[in-house]
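Colleague: Below is model.txt; it holds compact mmCIF, C-alpha atoms.
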```txt
# COMPACT_ATOMS: atom_id res chain seq x y z
CA MET A 177 83.71 6.14 67.50
CA ILE A 178 84.76 9.78 66.99
CA ALA A 179 85.28 10.26 70.73
CA ARG A 180 87.48 7.15 70.94
CA GLN A 181 89.64 8.33 68.04
CA VAL A 182 90.09 11.77 69.63
CA LEU A 183 90.93 10.31 73.06
CA ASP A 184 93.51 8.08 71.40
CA LYS A 185 95.02 11.27 69.90
CA GLN A 186 94.37 10.02 66.39
CA GLY A 187 92.22 12.94 65.32
CA PHE A 188 89.14 11.42 63.73
CA GLN A 189 87.95 10.16 60.36
CA LEU A 190 84.44 9.78 58.96
CA GLU A 191 83.32 7.37 56.27
CA ILE A 192 80.61 8.86 54.04
CA PRO A 193 78.78 7.41 51.01
CA SER A 194 79.61 9.31 47.85
CA ARG A 195 76.87 11.55 46.42
CA ALA A 196 78.86 12.23 43.25
CA ALA A 197 77.12 11.86 39.88
CA SER A 198 79.26 8.79 39.14
CA ASN A 199 77.66 7.04 42.15
CA GLN A 200 74.06 7.84 41.20
CA ILE A 201 72.43 4.93 39.42
CA TYR A 202 69.03 4.60 37.75
CA VAL A 203 67.48 1.26 38.68
CA PRO A 204 64.79 0.29 36.14
CA GLU A 205 63.19 -2.27 38.47
CA LEU A 206 62.63 0.44 41.08
CA ASP A 207 62.12 3.19 38.45
CA ARG A 208 64.20 5.63 40.46
CA ILE A 209 67.70 6.99 40.98
CA VAL A 210 69.62 5.53 43.93
CA LEU A 211 73.12 5.83 45.39
CA GLY A 212 75.72 3.20 44.52
CA GLU A 213 78.27 1.57 46.80
CA LYS A 214 81.14 4.07 46.51
CA ARG A 215 82.28 5.63 49.79
CA GLY A 216 84.81 8.25 50.78
CA THR A 217 86.57 9.38 53.96
CA ARG A 218 86.77 12.75 55.65
CA SER A 219 89.76 13.15 57.99
CA PHE A 220 90.29 15.94 60.52
CA LEU A 221 94.07 15.46 60.30
CA ASN A 222 94.08 16.01 56.54
CA VAL A 223 94.66 19.73 55.87
CA LYS A 224 92.40 19.69 52.81
CA GLU A 225 89.57 17.96 54.67
CA SER A 226 89.86 19.39 58.20
CA ARG A 227 87.36 22.24 57.72
CA LYS A 228 84.77 19.94 56.12
CA ALA A 229 85.31 17.43 58.92
CA ALA A 230 84.76 20.18 61.51
CA ILE A 231 81.56 21.28 59.78
CA THR A 232 80.34 17.67 59.73
CA THR A 233 80.83 17.19 63.47
CA ARG A 234 79.17 20.56 64.16
CA VAL A 235 76.14 19.57 62.09
CA LEU A 236 75.98 16.24 63.93
CA GLN A 237 76.07 18.10 67.25
CA LEU A 238 73.25 20.46 66.19
CA LEU A 239 71.08 17.64 64.85
CA HIS A 240 71.55 15.70 68.09
CA ALA A 241 70.28 18.72 70.04
CA VAL A 242 67.26 19.11 67.74
CA LEU A 243 66.32 15.45 68.06
CA LEU A 244 66.67 15.52 71.85
CA LYS A 245 64.29 18.50 72.00
CA ARG A 246 61.89 16.81 69.55
CA ILE A 247 61.52 19.97 67.49
CA HIS A 248 61.85 20.64 63.75
CA ILE A 249 64.06 23.22 62.04
CA THR A 250 64.69 24.38 58.46
CA LYS A 251 67.99 24.27 56.59
CA ARG A 252 68.15 28.05 57.00
CA ASP A 253 67.82 27.68 60.80
CA LEU A 254 70.70 25.19 60.76
CA PHE A 255 72.93 27.57 58.81
CA TYR A 256 72.33 30.52 61.14
CA THR A 257 73.34 28.58 64.26
CA ASP A 258 77.00 28.90 63.24
CA VAL A 259 77.41 31.34 60.35
CA LYS A 260 81.11 31.93 61.05
CA LEU A 261 81.91 28.24 60.61
CA PHE A 262 79.56 27.50 57.72
CA VAL A 263 80.18 30.84 55.88
CA ASP A 264 77.72 29.90 53.13
CA GLN A 265 74.48 27.92 53.40
CA SER A 266 75.56 25.60 50.60
CA GLU A 267 78.24 24.30 52.99
CA SER A 268 75.81 23.32 55.75
CA ASP A 269 73.22 22.05 53.22
CA GLY A 270 75.75 19.75 51.58
CA VAL A 271 77.01 18.38 54.87
CA LEU A 272 73.43 17.83 56.04
CA ASP A 273 72.88 15.58 53.02
CA ASP A 274 76.18 13.83 53.78
CA VAL A 275 75.06 13.14 57.35
CA ALA A 276 71.73 11.73 56.15
CA THR A 277 73.51 9.35 53.77
CA MET A 278 76.05 8.43 56.45
CA ILE A 279 73.34 7.54 58.98
CA GLY A 280 71.10 5.99 56.32
CA CYS A 281 67.98 8.05 56.90
CA THR A 282 66.02 10.92 55.37
CA ARG A 283 66.46 14.61 56.13
CA SER A 284 62.98 14.66 57.65
CA ASN A 285 64.04 11.82 59.98
CA LEU A 286 66.67 14.24 61.26
CA HIS A 287 63.87 16.80 61.85
CA VAL A 288 65.20 19.18 59.19
CA VAL A 289 62.33 20.19 56.93
CA ALA A 290 61.76 22.30 53.83
CA SER A 291 59.88 25.59 53.94
CA ASP A 292 56.24 25.54 52.84
CA LYS A 293 55.85 25.77 49.06
CA GLY A 294 53.35 23.24 47.76
CA LEU A 295 49.56 23.48 47.98
CA VAL A 296 46.78 20.90 48.18
CA VAL A 297 43.02 21.25 47.80
CA GLY A 298 40.18 18.79 47.31
CA ARG A 299 38.84 15.51 48.60
CA ILE A 300 41.32 14.65 51.31
CA SER A 301 41.37 15.03 55.08
CA PHE A 302 43.93 14.14 57.73
CA PHE A 303 45.16 14.97 61.20
CA GLU A 304 48.23 17.19 61.33
CA ASP A 305 49.90 17.09 64.75
CA GLY A 306 46.49 16.45 66.30
CA ASP A 307 44.57 19.10 64.31
CA PHE A 308 41.88 17.95 61.86
CA ILE A 309 42.40 19.26 58.32
CA ASP A 310 39.68 19.05 55.66
CA CYS A 311 41.10 20.24 52.32
CA THR A 312 37.64 20.94 50.89
CA LYS A 313 37.19 23.64 53.52
CA MET A 314 40.49 25.52 53.44
CA GLY A 315 39.35 28.52 51.42
CA VAL A 316 39.96 29.24 47.76
CA GLY A 317 43.74 28.75 47.94
CA GLY A 318 43.68 25.38 49.67
CA LYS A 319 46.13 24.13 52.29
CA ALA A 320 49.90 24.60 52.37
CA ILE A 321 51.53 21.18 52.19
CA PRO A 322 53.13 20.68 55.62
CA PRO A 323 56.86 20.02 55.81
CA TYR A 324 56.28 17.74 58.81
CA ILE A 325 55.07 14.72 56.85
CA ASP A 326 55.71 12.47 59.85
CA LYS A 327 53.07 14.42 61.82
CA ILE A 328 50.31 13.58 59.34
CA GLU A 329 48.00 10.78 60.43
CA ASN A 330 44.69 9.12 59.53
CA ILE A 331 44.55 10.18 55.87
CA GLN A 332 41.00 9.83 54.48
CA SER A 333 39.73 10.44 50.96
CA ASP A 334 36.96 9.53 48.52
CA ALA A 335 38.92 10.93 45.58
CA GLU A 336 39.15 8.87 42.39
CA PHE A 337 42.46 10.39 41.30
CA ILE A 338 45.14 12.97 42.12
CA LEU A 339 45.63 15.88 39.73
CA LEU A 340 49.26 17.00 39.84
CA VAL A 341 49.58 20.51 38.38
CA GLU A 342 52.87 22.19 37.45
CA LYS A 343 51.74 25.83 37.57
CA GLU A 344 50.14 27.67 40.49
CA ALA A 345 47.90 29.67 38.09
CA ALA A 346 46.26 26.48 36.78
CA TYR A 347 45.95 25.14 40.33
CA MET A 348 44.20 28.35 41.46
CA ARG A 349 41.74 28.07 38.57
CA MET A 350 40.79 24.55 39.68
CA ALA A 351 40.64 25.55 43.34
CA GLU A 352 38.43 28.58 42.72
CA ASP A 353 36.12 26.65 40.40
CA ARG A 354 36.04 23.83 42.98
CA PHE A 355 36.77 21.35 40.22
CA TYR A 356 37.10 18.59 42.83
CA ASN A 357 33.37 18.78 43.61
CA ARG A 358 32.40 17.83 40.04
CA TYR A 359 35.23 15.32 39.59
CA PRO A 360 36.21 13.74 42.95
CA CYS A 361 39.94 14.40 43.10
CA ILE A 362 42.84 15.90 45.04
CA VAL A 363 44.66 18.79 43.35
CA ILE A 364 48.34 19.37 44.17
CA THR A 365 50.94 21.86 42.96
CA ALA A 366 54.54 22.62 43.92
CA LYS A 367 54.42 25.90 41.94
CA GLY A 368 56.99 24.72 39.40
CA GLN A 369 60.07 22.74 40.33
CA PRO A 370 58.93 20.23 42.99
CA ASP A 371 60.18 20.72 46.54
CA VAL A 372 60.94 17.93 48.99
CA ALA A 373 57.77 18.37 51.09
CA THR A 374 55.46 18.16 48.07
CA ARG A 375 57.26 15.11 46.69
CA MET A 376 57.06 13.35 50.07
CA PHE A 377 53.39 14.27 50.50
CA LEU A 378 52.49 12.99 47.02
CA SER A 379 54.43 9.77 47.57
CA ARG A 380 52.78 9.22 50.95
CA ILE A 381 49.16 9.79 49.92
CA THR A 382 49.56 7.84 46.66
CA SER A 383 50.93 4.89 48.61
CA GLU A 384 48.15 5.00 51.20
CA LEU A 385 45.18 5.83 48.96
CA GLN A 386 46.21 3.67 45.98
CA ILE A 387 44.67 5.99 43.38
CA PRO A 388 46.18 7.14 40.06
CA VAL A 389 48.10 10.39 39.60
CA LEU A 390 47.38 12.45 36.46
CA ALA A 391 49.85 15.21 35.61
CA LEU A 392 49.13 18.55 33.96
CA VAL A 393 52.40 20.24 32.92
CA ASP A 394 53.57 22.65 30.23
CA SER A 395 54.12 21.18 26.77
CA ASP A 396 57.87 21.74 26.82
CA PRO A 397 60.98 19.73 27.81
CA TYR A 398 61.02 21.27 31.29
CA GLY A 399 57.50 20.07 32.03
CA LEU A 400 58.75 16.54 31.41
CA LYS A 401 61.87 17.12 33.52
CA ILE A 402 59.60 18.16 36.38
CA LEU A 403 57.61 14.94 35.91
CA SER A 404 60.85 12.94 35.98
CA VAL A 405 61.74 14.41 39.39
CA TYR A 406 58.36 13.34 40.81
CA MET A 407 58.63 9.89 39.26
CA SER A 408 62.29 8.90 39.46
CA GLY A 409 63.81 11.43 41.86
CA SER A 410 66.57 13.99 41.52
CA LYS A 411 70.30 13.32 41.59
CA ASN A 412 70.73 15.72 44.53
CA MET A 413 68.37 13.64 46.67
CA SER A 414 69.13 10.17 45.28
CA TYR A 415 69.95 8.89 48.79
CA ASP A 416 66.34 9.54 49.79
CA SER A 417 64.58 8.47 46.61
CA ALA A 418 62.45 5.76 48.26
CA SER A 419 60.31 8.29 50.17
CA LEU A 420 60.36 10.98 47.48
CA THR A 421 59.31 9.22 44.30
CA THR A 422 55.90 8.41 42.82
CA PRO A 423 56.20 5.99 39.89
CA ASN A 424 53.53 5.45 37.23
CA ILE A 425 52.33 9.05 37.00
CA LYS A 426 50.16 9.43 33.91
CA TRP A 427 50.74 12.34 31.51
CA LEU A 428 47.33 13.98 31.10
CA GLY A 429 48.40 17.21 29.38
CA LEU A 430 49.35 19.60 28.02
CA ARG A 431 50.81 17.24 25.42
CA PRO A 432 52.36 18.21 22.08
CA SER A 433 49.56 16.38 20.22
CA ASP A 434 47.02 18.52 22.10
CA LEU A 435 48.18 21.66 20.29
CA ASN A 436 46.52 20.49 17.06
CA LYS A 437 43.83 18.33 18.66
CA TYR A 438 42.44 21.33 20.54
CA ASP A 439 43.24 23.83 17.76
CA LEU A 440 45.47 25.98 19.92
CA PRO A 441 45.90 29.37 18.15
CA ASP A 442 49.27 30.11 16.53
CA GLN A 443 49.85 33.11 18.81
CA CYS A 444 49.73 30.74 21.82
CA ARG A 445 52.36 28.40 20.40
CA LEU A 446 55.93 29.33 21.20
CA SER A 447 59.00 28.49 19.13
CA MET A 448 61.45 26.25 20.96
CA THR A 449 64.90 27.69 21.56
CA GLU A 450 68.06 25.82 20.58
CA ASN A 451 68.48 24.92 24.25
CA ASP A 452 64.88 23.62 24.38
CA ILE A 453 65.53 21.40 21.36
CA LYS A 454 68.80 20.15 22.85
CA THR A 455 67.04 19.32 26.13
CA GLY A 456 64.23 17.58 24.23
CA LYS A 457 66.69 15.39 22.33
CA GLU A 458 68.50 14.53 25.56
CA LEU A 459 65.18 13.50 27.13
CA LEU A 460 64.62 11.07 24.25
CA GLN A 461 67.62 9.16 25.66
CA GLU A 462 66.30 9.10 29.24
CA ALA A 463 65.17 5.73 30.59
CA PHE A 464 61.86 7.02 31.99
CA ILE A 465 60.92 8.29 28.50
CA MET A 466 62.30 5.35 26.51
CA LYS A 467 60.30 2.80 28.49
CA ASN A 468 57.04 4.51 27.42
CA PRO A 469 56.51 4.47 23.62
CA GLN A 470 53.61 6.94 23.85
CA TRP A 471 55.77 9.46 25.71
CA MET A 472 58.49 8.96 23.11
CA LYS A 473 56.00 9.71 20.33
CA GLU A 474 54.81 12.91 22.04
CA LEU A 475 58.34 14.14 22.65
CA GLN A 476 59.27 13.38 19.05
CA ILE A 477 56.34 15.54 17.90
CA MET A 478 57.62 18.37 20.11
CA VAL A 479 61.19 18.16 18.79
CA LYS A 480 60.04 17.80 15.16
CA THR A 481 57.56 20.73 15.21
CA LYS A 482 59.85 22.84 17.43
CA GLN A 483 56.76 24.17 19.17
CA LYS A 484 55.95 24.43 22.85
CA ALA A 485 53.04 25.82 24.87
CA GLU A 486 52.20 26.64 28.47
CA ILE A 487 49.13 25.40 30.31
CA GLN A 488 47.91 29.02 30.41
CA ALA A 489 47.66 28.99 26.60
CA LEU A 490 44.31 27.21 27.07
CA SER A 491 42.97 30.47 28.54
CA SER A 492 42.87 31.84 24.98
CA PHE A 493 39.55 29.94 24.70
CA GLY A 494 38.28 31.48 27.95
CA PHE A 495 39.53 31.75 31.50
CA GLN A 496 37.54 28.71 32.65
CA TYR A 497 38.11 26.60 29.53
CA ILE A 498 40.56 24.34 31.38
CA THR A 499 38.00 23.36 34.04
CA GLU A 500 34.85 23.49 31.94
CA SER A 501 36.03 21.91 28.67
CA TYR A 502 39.63 20.70 28.47
CA LEU A 503 39.86 18.59 31.63
CA PRO A 504 36.29 17.21 31.44
CA ARG A 505 36.95 16.04 27.86
CA LYS A 506 40.30 14.52 28.84
CA LEU A 507 38.72 12.62 31.72
CA ARG A 508 35.69 11.55 29.69
CA GLU A 509 37.89 10.15 26.92
CA GLY A 510 40.44 8.63 29.31
CA ASP A 511 43.05 10.62 27.40
CA TRP A 512 46.20 10.08 29.44
CA ILE A 513 49.34 8.10 28.74
```
Rewrite the structure from the file as structure tokens, please.
Modeller:
Amino acid sequence: MIARQVLDKQGFQLEIPSRAASNQIYVPELDRIVLGEKRGTRSFLNVKESRKAAITTRVLQLLHAVLLKRIHITKRDLFYTDVKLFVDQSESDGVLDDVATMIGCTRSNLHVVASDKGLVVGRISFFEDGDFIDCTKMGVGGKAIPPYIDKIENIQSDAEFILLVEKEAAYMRMAEDRFYNRYPCIVITAKGQPDVATRMFLSRITSELQIPVLALVDSDPYGLKILSVYMSGSKNMSYDSASLTTPNIKWLGLRPSDLNKYDLPDQCRLSMTENDIKTGKELLQEAFIMKNPQWMKELQIMVKTKQKAEIQALSSFGFQYITESYLPRKLREGDWI
């Protein structure tokens, strides 16, 4: 189409779905954020759009070459192939997302992957590009979650649940104590804000293994925002929400009600900032919170008491308290919501 327009001396014009916030819609039935129907054009003959149009065709050319060679690259690799044109990586990153929406596929389908960030350890094994991986035998730190999710095959597990952990420190405690041997599970962390590879990996194994996901996050508004990204997706990646979201994650801890239930010392409870309180009140209006009365109640406790706490606060009872007392009690009582 582009070639025909150029040969006809018409320049060229691309039609691209809008990724603007106004075109990002939360669909309750799907429990995720998706793109709406709004579309825009990008014309090479329009002075204001010509540079963006040139960048778009350059990215298309580079992606075509990558797919022909059947190799994978990172977003950083893509940027450095033509620094003078892109100038800033945000330019090539944004256009990459535009191309994915335009074609109607995921970034990973275009063989552009995220750098390693997430970790997994526990009762799961799979083949990664032909190599057998047993996550019970990957050392204390576990296995880096591979960005090439499409190269993972034959996933096997006898785990009863997946433990999704916000903080790397808590994950390392569970990995070192080999918590998964006493309680058959898979432990995953993205070390904070979830990256694309971890979200895709969690979605994939949850879909295939059909086991529950229990989340352990900080007792603050940002812990819940992290959960919302795993469950409903992010606005930046709404075009790819189907392969990135894991609905029905259960909130295991650390919950606001746990602070009193487990007698957390005053010195381990932090006062919420004005911004924390504002974020908490905004979350009370979010669909993924409103649909769960128990989550609403917990968040209301947080906003009312104006107290927050990190997972590491449990270490005030002992470094191994989380694996020897807190989690075993939670699992024994079925204390998740």
Colleague: If we count all atoms listed in the file, what is near Asp371 of chain A at a cut-off of 10 Å, once residues fewer than 4 positions away on the same chain are taken out, given as a ChimeraX atom specification?
Modeller: /A:290-294,323,365-367,375-376,405-406,420
Colleague: For the selection you just gave me, I'd like the residues written to a file as a tab-separated table (two decimals), in the coordinates of the input, keeping C-alpha atoms.
Modeller:
```
chain	number	residue	atom	x	y	z
A	290	ALA	CA	61.76	22.30	53.83
A	291	SER	CA	59.88	25.59	53.94
A	292	ASP	CA	56.24	25.54	52.84
A	293	LYS	CA	55.85	25.77	49.06
A	294	GLY	CA	53.35	23.24	47.76
A	323	PRO	CA	56.86	20.02	55.81
A	365	THR	CA	50.94	21.86	42.96
A	366	ALA	CA	54.54	22.62	43.92
A	367	LYS	CA	54.42	25.90	41.94
A	375	ARG	CA	57.26	15.11	46.69
A	376	MET	CA	57.06	13.35	50.07
A	405	VAL	CA	61.74	14.41	39.39
A	406	TYR	CA	58.36	13.34	40.81
A	420	LEU	CA	60.36	10.98	47.48
```
Colleague: Would you pick out the contacts of Ser226 of chain A at 12 Å or less, using only C-alpha atoms, so that residues sharing its chain but fewer than 6 positions from it are not included, and give the list as a ChimeraX atom specification?
Modeller: /A:187-190,217-220,232-233
Colleague: Residues at most 7 Å from Leu340 of chain A, counting only C-alpha atoms, excluding those fewer than 5 positions away in the same chain, as an MDAnalysis selection string?
Modeller: chainID A and resid 363:365 389:392
Colleague: Using only C-alpha atoms, which of A:His287, A:Arg380, A:Lys228, A:Lys506 sits nearest Leu243 of chain A?
Modeller: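 Of A:His287, A:Arg380, A:Lys228, A:Lys506, the one nearest Leu243 of chain A, counting only C-alpha atoms, is A:His287.
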Colleague: Rank A:Ser491, A:Met448, A:Glu462, A:Pro423 by their smallest atom-to-atom distance to Glu205 of chain A, using only C-alpha atoms, and report the top residue only.
Modeller: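 For Glu205 of chain A, the nearest of the given residues is A:Pro423.
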Colleague: If you measure from atom CA of Leu400 of chain A to atom CA of Val372 of chain A, what distance in Å do you get, rounded to one decimal?
Modeller: 17.8 Å
Colleague: Need to verify the contact set: Asp310 of chain A, 9 Å, only C-alpha atoms, exclusion of same-chain residues closer than 6 positions in sequence. Can you return it as a VMD selection string?
Modeller: chain A and resid 297 to 303 319
Colleague: Between A:Asp269, A:Asp394, A:Glu225, A:Asp434, which is the closest to Thr250 of chain A once you count all atoms listed in the file?
Modeller: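 Of the candidates, the smallest distance to Thr250 of chain A is held by A:Asp269.
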Colleague: Hey, which of A:Tyr438, A:Glu213, A:Pro322, A:Asn357 ends up closest to Leu378 of chain A? Count all atoms listed in the file.
Modeller: A:Pro322
Colleague: May I have the residues within 12 Å of Leu244 of chain A as a ChimeraX atom specification, using all atoms listed in the file and disregarding those fewer than 5 positions away in the same chain?
Modeller: /A:237-239,286-287
Colleague: Taking (58.3, 15.6, 21.0) in the coordinates of the supplied file, I want to know which residues reach to within 10 Å of it, counting all atoms listed in the file; could you give the answer as a PyMOL selection string?
Modeller: chain A and resi 395-397+431-433+453+456-457+459-460+471-484
